[in-house]
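J.: Following this message is one structure expressed as structure tokens.
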Amino acid sequence: MKISILIPSLASNGIARAWILAKLLERHYEVETLGLLRPGEEVFPWFSDYPWGVVRASTMREGMRKMEAAITGDVTLAYCVSMTSFGVGLQAKRKRGIPLVLDMPEWEVHDHWKRDGKLARAAMITRELAGPGWDNGHSFKYRWILDHLTGFADERLVCCRFLEDRYGGVLLPQGPDTSVFDPAAFDKMAVRRKWGVPEDATILLFGGNPQPNKGVDETIGALNALEGKVNARLVIVGRDASHAYTKQMIDMSHGKVIALGPQPFPLMPELLSMADIVALPQTREPKSLGYIPCKMYEAMAMGIPVISSDLCDIPEILDGCGYIVPTEDNVALQAKIEHVLLHPEEARATGVRARQRIIERYSWGVMEATLKRTFDDLAQRTGKGAQSRRAARRLADTQSPQAIAAPTEEAHPVGWWQDTDPESAHSKYLAMHASETNRAKNGVVEQMLSRLDWKGKSVLEFGCGGGHFTIWMARQGAMVHAVEHNPNAIAIVELAARKAGVSDRVKVIRGDANNETVAGHYDFIFAKDLIEHLEDDGSFLKGLADQLRPGGRVFIGTQNDHCLNYLLEGSFERFVRGNRDWRGWDSTHYRFYNAATLKQKLRAVGIKTECYGSSYLLPWRFLTRRLTGRVRPWSGYTRLDLILGTLPPFSRLGWSIMVLGRKPA
């Protein structure tokens, strides 16, 4: 198999990850790289010795045309959400049927989330779409449009859990080469002498451009507070003393800052080898939700303890082998730096564990194995072109309980909820969630829940099934108490929690939502696809409201009788097939709901409705099955649901309707 890697620009330092992907993939496959350079541009100097396939063009359209024509691979790997990478890959897929993998190294469509409120975000999007930037393939206008087309990629590689939850795909953090980032390869004192750094001092290293809110001033404050107790220095590898803010930090430190200026990437292992601590605090902004600093992995590989913030996957990465501080808590950051400086033995032991963590989870070796599994699987799924991919999606779709209940759908011999082997059952459960129906529904739910603060919140979940949202909420920092009556499902959730590293935040018990099984009060109660199965929904909602703390929220998801699918399929079942008791795809359902009845039922128990969400807006399963003889999934249905699912009035009109309510404080 030959892989064509598409890179939006070879002149940017952003090609570092593309370079790593190329180096790892060429160990198993034939690889070609195709990257754009405009007139006067050159390959970014740190990686100029690699044999890049340069595509020179004066305009974006010319570059896209030339790059698409130059593709000779069996598969394309598009680096970043950009017109001159992902856009070219989509063209090649549409015109030539070449399977497409999208690599997402960070959350690239975060800009409008800086605005407060839907109207402000909508105004920004409209302004950007109509404004300048038509020849910039990475402008917001194109990133926003392409972000809504990510479902057309045959696979997605994502760098962190936030992107995995948002887009699906394969988790591929960008780890370092541990044979290069190896502390044993360097003499710490010799390196310090080379760079003019005191040999007898404790060295904190900051890599990057110093600026406010990056923790540099707090680090210096900690050093000043320990004057006379610890001989420590802060080494800055980035802007030198000619920059105003760097000079300000140097003056503030009373000689404790050493600014080495910008240094090439190949020197980073050497520079890190002289450090004892690396501080990488992050600011709380939309971009930080889907971004992990590569410098964190590199420092850990060099056996250096890292101090960072409780954002994105950082708590999971540093769990037991680093130090976490609350985001933008300068007092806590300074206190943590002081603690680490005053406990050097503890810091060294933490650094040893950090390197082991990188070797086990985030090294090039781990990345290589993940890439090989991904592309080998893709080759199997697309071995007969697009038809085999659609067949794979149909197979995944038929593994849902709803599909098995439908008489015209082909069912898996043993459903995930019937499989007593947790590993096998978990695989089937994940396959079920790869279906278009479930991807749309889960995506809308995540959009609704992402607006909430989960850190430290207590959650009660009824009917957790295989634990998709149990794990999702735990990853956001919640403590989840889940109730499930199926012992096979409980085993799956416990397995998934271990794999996700959140076992300490997940507790599953066997119980029945029809009866009171869990005591206590909670900040959030989650009940998805459950209430329609309960004979007495009023008693359930009353008990739910009683267990909800004042100011707490509740999520209910169920099926909607105010939707196109109910109108079409419901009418067909009742009046054509004579199935007067039709209750959807599951014979265990008691009733349908809609936005008005849900609001009324919640109000009756003292809960105020905040917002709605919907998925499955188009009855494509019913229509394609009736018109063509079989269900024909298409990712466009999913994208439509994700775009309109939380936007009124569409948020009330899907087959699956969700409501988020709040108990008054």
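By convention here, the chains of the structure tokens are called A, B, ... in the order presented, each chain's residues are numbered starting at 1, and ligands are numbered starting at 1 in the order presented.
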Got a sec: who's within 8 Å of A:Ala496, counting only C-alpha atoms, leaving out chain neighbours fewer than 5 positions off, as a list in words?
T.: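 Once the adjacent positions are removed, what remains is His426, Gly467 and Ile471 of chain A.
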J.: Next, the residues of the selection above should be written as a PDB file, in the first residue's frame with C-alpha atoms.
T.:
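Written file, selection-v1.pdb:
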ATOM      1  CA  HIS A 426     -16.959  -4.006  24.080  1.00  0.00           C
ATOM      2  CA  GLY A 467     -21.028   3.198  29.172  1.00  0.00           C
ATOM      3  CA  ILE A 471     -16.862   7.341  30.375  1.00  0.00           C
TER       4      ILE A 471
END
J.: For A:Glu42, list every protein, DNA or RNA residue within 12 Å, evaluated using only C-alpha atoms, and leave out those in the same chain fewer than 6 positions away; present the list as a PDB file with N, CA, C and O atoms, in the first residue's frame.
T.:
ATOM      1  N   SER A   9       1.124  23.417   4.130  1.00  0.00           N
ATOM      2  CA  SER A   9       2.255  24.306   3.865  1.00  0.00           C
ATOM      3  C   SER A   9       3.520  23.702   4.449  1.00  0.00           C
ATOM      4  O   SER A   9       3.539  23.310   5.621  1.00  0.00           O
ATOM      5  N   LEU A  10       4.570  23.654   3.623  1.00  0.00           N
ATOM      6  CA  LEU A  10       5.854  23.135   4.090  1.00  0.00           C
ATOM      7  C   LEU A  10       6.703  24.228   4.725  1.00  0.00           C
ATOM      8  O   LEU A  10       7.798  23.949   5.228  1.00  0.00           O
ATOM      9  N   ALA A  11       6.229  25.469   4.711  1.00  0.00           N
ATOM     10  CA  ALA A  11       7.017  26.585   5.236  1.00  0.00           C
ATOM     11  C   ALA A  11       6.779  26.828   6.718  1.00  0.00           C
ATOM     12  O   ALA A  11       7.433  27.672   7.318  1.00  0.00           O
ATOM     13  N   SER A  12       5.846  26.096   7.330  1.00  0.00           N
ATOM     14  CA  SER A  12       5.469  26.328   8.726  1.00  0.00           C
ATOM     15  C   SER A  12       6.053  25.248   9.627  1.00  0.00           C
ATOM     16  O   SER A  12       6.254  24.103   9.202  1.00  0.00           O
ATOM     17  N   ASN A  13       6.292  25.610  10.900  1.00  0.00           N
ATOM     18  CA  ASN A  13       6.782  24.601  11.844  1.00  0.00           C
ATOM     19  C   ASN A  13       5.710  23.575  12.179  1.00  0.00           C
ATOM     20  O   ASN A  13       5.967  22.608  12.885  1.00  0.00           O
ATOM     21  N   GLY A  35       3.409  18.744  -0.310  1.00  0.00           N
ATOM     22  CA  GLY A  35       3.155  19.943   0.471  1.00  0.00           C
ATOM     23  C   GLY A  35       3.296  21.195  -0.365  1.00  0.00           C
ATOM     24  O   GLY A  35       4.102  21.258  -1.306  1.00  0.00           O
ATOM     25  N   LEU A  36       2.520  22.218  -0.038  1.00  0.00           N
ATOM     26  CA  LEU A  36       2.476  23.448  -0.822  1.00  0.00           C
ATOM     27  C   LEU A  36       3.555  24.434  -0.388  1.00  0.00           C
ATOM     28  O   LEU A  36       3.804  24.611   0.810  1.00  0.00           O
ATOM     29  N   SER A  48      14.252  20.547   6.712  1.00  0.00           N
ATOM     30  CA  SER A  48      14.526  20.712   5.280  1.00  0.00           C
ATOM     31  C   SER A  48      15.299  19.546   4.672  1.00  0.00           C
ATOM     32  O   SER A  48      15.333  19.408   3.446  1.00  0.00           O
ATOM     33  N   ASP A  49      15.894  18.685   5.506  1.00  0.00           N
ATOM     34  CA  ASP A  49      16.679  17.587   4.945  1.00  0.00           C
ATOM     35  C   ASP A  49      15.813  16.383   4.571  1.00  0.00           C
ATOM     36  O   ASP A  49      16.308  15.409   3.996  1.00  0.00           O
ATOM     37  N   TRP A  52      10.842  16.002   0.935  1.00  0.00           N
ATOM     38  CA  TRP A  52       9.456  16.414   0.745  1.00  0.00           C
ATOM     39  C   TRP A  52       9.109  16.489  -0.746  1.00  0.00           C
ATOM     40  O   TRP A  52       9.951  16.845  -1.564  1.00  0.00           O
ATOM     41  N   VAL A  54       7.547  18.718  -3.024  1.00  0.00           N
ATOM     42  CA  VAL A  54       7.147  20.121  -3.040  1.00  0.00           C
ATOM     43  C   VAL A  54       6.208  20.396  -4.210  1.00  0.00           C
ATOM     44  O   VAL A  54       6.498  20.038  -5.357  1.00  0.00           O
ATOM     45  N   VAL A  55       5.091  21.041  -3.903  1.00  0.00           N
ATOM     46  CA  VAL A  55       4.155  21.512  -4.923  1.00  0.00           C
ATOM     47  C   VAL A  55       4.176  23.036  -4.868  1.00  0.00           C
ATOM     48  O   VAL A  55       3.762  23.632  -3.874  1.00  0.00           O
ATOM     49  N   ARG A  56       4.694  23.661  -5.929  1.00  0.00           N
ATOM     50  CA  ARG A  56       4.790  25.131  -5.945  1.00  0.00           C
ATOM     51  C   ARG A  56       3.602  25.709  -6.711  1.00  0.00           C
ATOM     52  O   ARG A  56       3.277  25.256  -7.806  1.00  0.00           O
TER      53      ARG A  56
END
J.: Can you pull out the residues contacting A:Leu34? Cut-off 10 Å, using only C-alpha atoms, and skip same-chain residues under 6 positions away; I want them as an NGL selection string.
T.: :A and (4-10 or 52-55 or 66-68 or 70-71 or 78 or 84-85)
J.: Could you take the residues named above and write them with N, CA, C and O atoms, as a PDB file, in the first residue's frame?
T.:
ATOM      1  N   SER A   4      -0.205   8.690   0.414  1.00  0.00           N
ATOM      2  CA  SER A   4       0.145  10.059   0.033  1.00  0.00           C
ATOM      3  C   SER A   4      -0.243  10.993   1.175  1.00  0.00           C
ATOM      4  O   SER A   4      -1.424  11.118   1.498  1.00  0.00           O
ATOM      5  N   ILE A   5       0.766  11.631   1.786  1.00  0.00           N
ATOM      6  CA  ILE A   5       0.516  12.564   2.882  1.00  0.00           C
ATOM      7  C   ILE A   5       0.387  13.968   2.304  1.00  0.00           C
ATOM      8  O   ILE A   5       1.284  14.442   1.599  1.00  0.00           O
ATOM      9  N   LEU A   6      -0.730  14.629   2.599  1.00  0.00           N
ATOM     10  CA  LEU A   6      -1.027  15.956   2.064  1.00  0.00           C
ATOM     11  C   LEU A   6      -0.820  16.997   3.162  1.00  0.00           C
ATOM     12  O   LEU A   6      -1.450  16.926   4.226  1.00  0.00           O
ATOM     13  N   ILE A   7       0.050  17.980   2.909  1.00  0.00           N
ATOM     14  CA  ILE A   7       0.458  18.955   3.922  1.00  0.00           C
ATOM     15  C   ILE A   7       0.120  20.349   3.417  1.00  0.00           C
ATOM     16  O   ILE A   7       0.518  20.723   2.307  1.00  0.00           O
ATOM     17  N   PRO A   8      -0.615  21.158   4.196  1.00  0.00           N
ATOM     18  CA  PRO A   8      -1.092  22.456   3.693  1.00  0.00           C
ATOM     19  C   PRO A   8       0.020  23.435   3.367  1.00  0.00           C
ATOM     20  O   PRO A   8      -0.091  24.214   2.435  1.00  0.00           O
ATOM     21  N   SER A   9       1.124  23.417   4.130  1.00  0.00           N
ATOM     22  CA  SER A   9       2.255  24.306   3.865  1.00  0.00           C
ATOM     23  C   SER A   9       3.520  23.702   4.449  1.00  0.00           C
ATOM     24  O   SER A   9       3.539  23.310   5.621  1.00  0.00           O
ATOM     25  N   LEU A  10       4.570  23.654   3.623  1.00  0.00           N
ATOM     26  CA  LEU A  10       5.854  23.135   4.090  1.00  0.00           C
ATOM     27  C   LEU A  10       6.703  24.228   4.725  1.00  0.00           C
ATOM     28  O   LEU A  10       7.798  23.949   5.228  1.00  0.00           O
ATOM     29  N   TRP A  52      10.842  16.002   0.935  1.00  0.00           N
ATOM     30  CA  TRP A  52       9.456  16.414   0.745  1.00  0.00           C
ATOM     31  C   TRP A  52       9.109  16.489  -0.746  1.00  0.00           C
ATOM     32  O   TRP A  52       9.951  16.845  -1.564  1.00  0.00           O
ATOM     33  N   GLY A  53       7.875  16.193  -1.041  1.00  0.00           N
ATOM     34  CA  GLY A  53       7.371  16.391  -2.400  1.00  0.00           C
ATOM     35  C   GLY A  53       6.783  17.783  -2.501  1.00  0.00           C
ATOM     36  O   GLY A  53       5.651  18.021  -2.075  1.00  0.00           O
ATOM     37  N   VAL A  54       7.547  18.718  -3.024  1.00  0.00           N
ATOM     38  CA  VAL A  54       7.147  20.121  -3.040  1.00  0.00           C
ATOM     39  C   VAL A  54       6.208  20.396  -4.210  1.00  0.00           C
ATOM     40  O   VAL A  54       6.498  20.038  -5.357  1.00  0.00           O
ATOM     41  N   VAL A  55       5.091  21.041  -3.903  1.00  0.00           N
ATOM     42  CA  VAL A  55       4.155  21.512  -4.923  1.00  0.00           C
ATOM     43  C   VAL A  55       4.176  23.036  -4.868  1.00  0.00           C
ATOM     44  O   VAL A  55       3.762  23.632  -3.874  1.00  0.00           O
ATOM     45  N   LYS A  66      -2.759  21.145  -8.548  1.00  0.00           N
ATOM     46  CA  LYS A  66      -1.482  20.461  -8.757  1.00  0.00           C
ATOM     47  C   LYS A  66      -1.279  19.328  -7.756  1.00  0.00           C
ATOM     48  O   LYS A  66      -0.781  18.252  -8.111  1.00  0.00           O
ATOM     49  N   MET A  67      -1.670  19.575  -6.501  1.00  0.00           N
ATOM     50  CA  MET A  67      -1.479  18.553  -5.478  1.00  0.00           C
ATOM     51  C   MET A  67      -2.357  17.332  -5.748  1.00  0.00           C
ATOM     52  O   MET A  67      -1.915  16.182  -5.631  1.00  0.00           O
ATOM     53  N   GLU A  68      -3.602  17.582  -6.138  1.00  0.00           N
ATOM     54  CA  GLU A  68      -4.508  16.456  -6.426  1.00  0.00           C
ATOM     55  C   GLU A  68      -4.005  15.641  -7.615  1.00  0.00           C
ATOM     56  O   GLU A  68      -4.054  14.415  -7.610  1.00  0.00           O
ATOM     57  N   ALA A  70      -0.937  15.236  -8.433  1.00  0.00           N
ATOM     58  CA  ALA A  70       0.321  14.574  -8.096  1.00  0.00           C
ATOM     59  C   ALA A  70       0.130  13.335  -7.225  1.00  0.00           C
ATOM     60  O   ALA A  70       1.081  12.577  -7.019  1.00  0.00           O
ATOM     61  N   ILE A  71      -1.069  13.114  -6.715  1.00  0.00           N
ATOM     62  CA  ILE A  71      -1.306  11.965  -5.827  1.00  0.00           C
ATOM     63  C   ILE A  71      -1.161  10.659  -6.602  1.00  0.00           C
ATOM     64  O   ILE A  71      -1.820  10.448  -7.620  1.00  0.00           O
ATOM     65  N   ALA A  78      -4.521  13.348   5.044  1.00  0.00           N
ATOM     66  CA  ALA A  78      -4.564  14.812   5.038  1.00  0.00           C
ATOM     67  C   ALA A  78      -4.206  15.321   6.415  1.00  0.00           C
ATOM     68  O   ALA A  78      -4.863  14.987   7.409  1.00  0.00           O
ATOM     69  N   THR A  84      -5.776  22.957   1.364  1.00  0.00           N
ATOM     70  CA  THR A  84      -4.653  22.369   0.637  1.00  0.00           C
ATOM     71  C   THR A  84      -4.161  21.081   1.280  1.00  0.00           C
ATOM     72  O   THR A  84      -3.033  20.641   1.020  1.00  0.00           O
ATOM     73  N   SER A  85      -4.982  20.462   2.098  1.00  0.00           N
ATOM     74  CA  SER A  85      -4.703  19.114   2.603  1.00  0.00           C
ATOM     75  C   SER A  85      -6.015  18.320   2.604  1.00  0.00           C
ATOM     76  O   SER A  85      -6.269  17.516   1.707  1.00  0.00           O
TER      77      SER A  85
END
J.: Counting only C-alpha atoms, which residue out of A:Asp310, A:Glu155, A:Glu494, A:Glu535 sits closest to A:Lys455?
T.: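 Among the listed residues, A:Asp310 lies closest to A:Lys455.
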J.: Based on the backbone DSSP call, show me all residues of stretch 154-384 of chain A assigned strand (DSSP E or B), as a PyMOL selection string.
T.: chain A and resi 155-158+170-171+202-208+232-238+257-259+277-280+306-309+323-325
J.: Near stretch 173-184 of chain A, within 9 Å and counting only C-alpha atoms, which residues show up once chain neighbours fewer than 2 positions away are dropped, as a ChimeraX atom specification?
T.: /A:17,20,105,157-160,171,186-188,268-270,272-273,292,294,297-299,301-303,355,358-359,361-367
J.: Please write the residues from the selection above to a file, keeping C-alpha atoms, as an mmCIF file, in the first residue's frame.
T.:
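Printed below is result.cif as written:
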data_model
loop_
_atom_site.group_PDB
_atom_site.id
_atom_site.type_symbol
_atom_site.label_atom_id
_atom_site.label_comp_id
_atom_site.auth_asym_id
_atom_site.auth_seq_id
_atom_site.Cartn_x
_atom_site.Cartn_y
_atom_site.Cartn_z
ATOM 1 C CA ARG A 17 3.793 16.181 13.192
ATOM 2 C CA ILE A 20 6.722 12.229 12.387
ATOM 3 C CA PRO A 105 -3.382 17.585 15.620
ATOM 4 C CA LEU A 157 -6.675 10.507 13.740
ATOM 5 C CA VAL A 158 -7.138 12.768 16.773
ATOM 6 C CA CYS A 159 -4.581 13.988 19.293
ATOM 7 C CA CYS A 160 -6.709 14.027 22.470
ATOM 8 C CA LEU A 171 -6.671 8.493 19.373
ATOM 9 C CA PHE A 186 23.573 13.535 27.796
ATOM 10 C CA ASP A 187 25.961 14.758 30.478
ATOM 11 C CA LYS A 188 23.845 17.303 32.341
ATOM 12 C CA MET A 268 15.568 20.320 22.288
ATOM 13 C CA PRO A 269 16.757 16.999 23.791
ATOM 14 C CA GLU A 270 20.075 18.606 24.700
ATOM 15 C CA LEU A 272 15.965 19.673 28.164
ATOM 16 C CA SER A 273 18.758 17.498 29.542
ATOM 17 C CA ILE A 292 -1.734 19.141 24.272
ATOM 18 C CA CYS A 294 4.220 18.599 22.580
ATOM 19 C CA TYR A 297 5.697 14.774 26.160
ATOM 20 C CA GLU A 298 9.307 15.729 25.339
ATOM 21 C CA ALA A 299 10.068 16.846 28.908
ATOM 22 C CA ALA A 301 10.601 11.545 27.939
ATOM 23 C CA MET A 302 13.714 13.262 29.324
ATOM 24 C CA GLY A 303 12.700 12.215 32.848
ATOM 25 C CA ARG A 355 9.632 8.748 31.223
ATOM 26 C CA ILE A 358 5.905 8.060 27.760
ATOM 27 C CA ILE A 359 7.509 4.752 26.815
ATOM 28 C CA ARG A 361 1.676 5.155 26.184
ATOM 29 C CA TYR A 362 3.026 8.048 24.125
ATOM 30 C CA SER A 363 6.259 7.051 22.390
ATOM 31 C CA TRP A 364 6.963 6.717 18.673
ATOM 32 C CA GLY A 365 6.642 2.966 19.136
ATOM 33 C CA VAL A 366 3.089 3.352 20.415
ATOM 34 C CA MET A 367 2.277 5.785 17.607
#
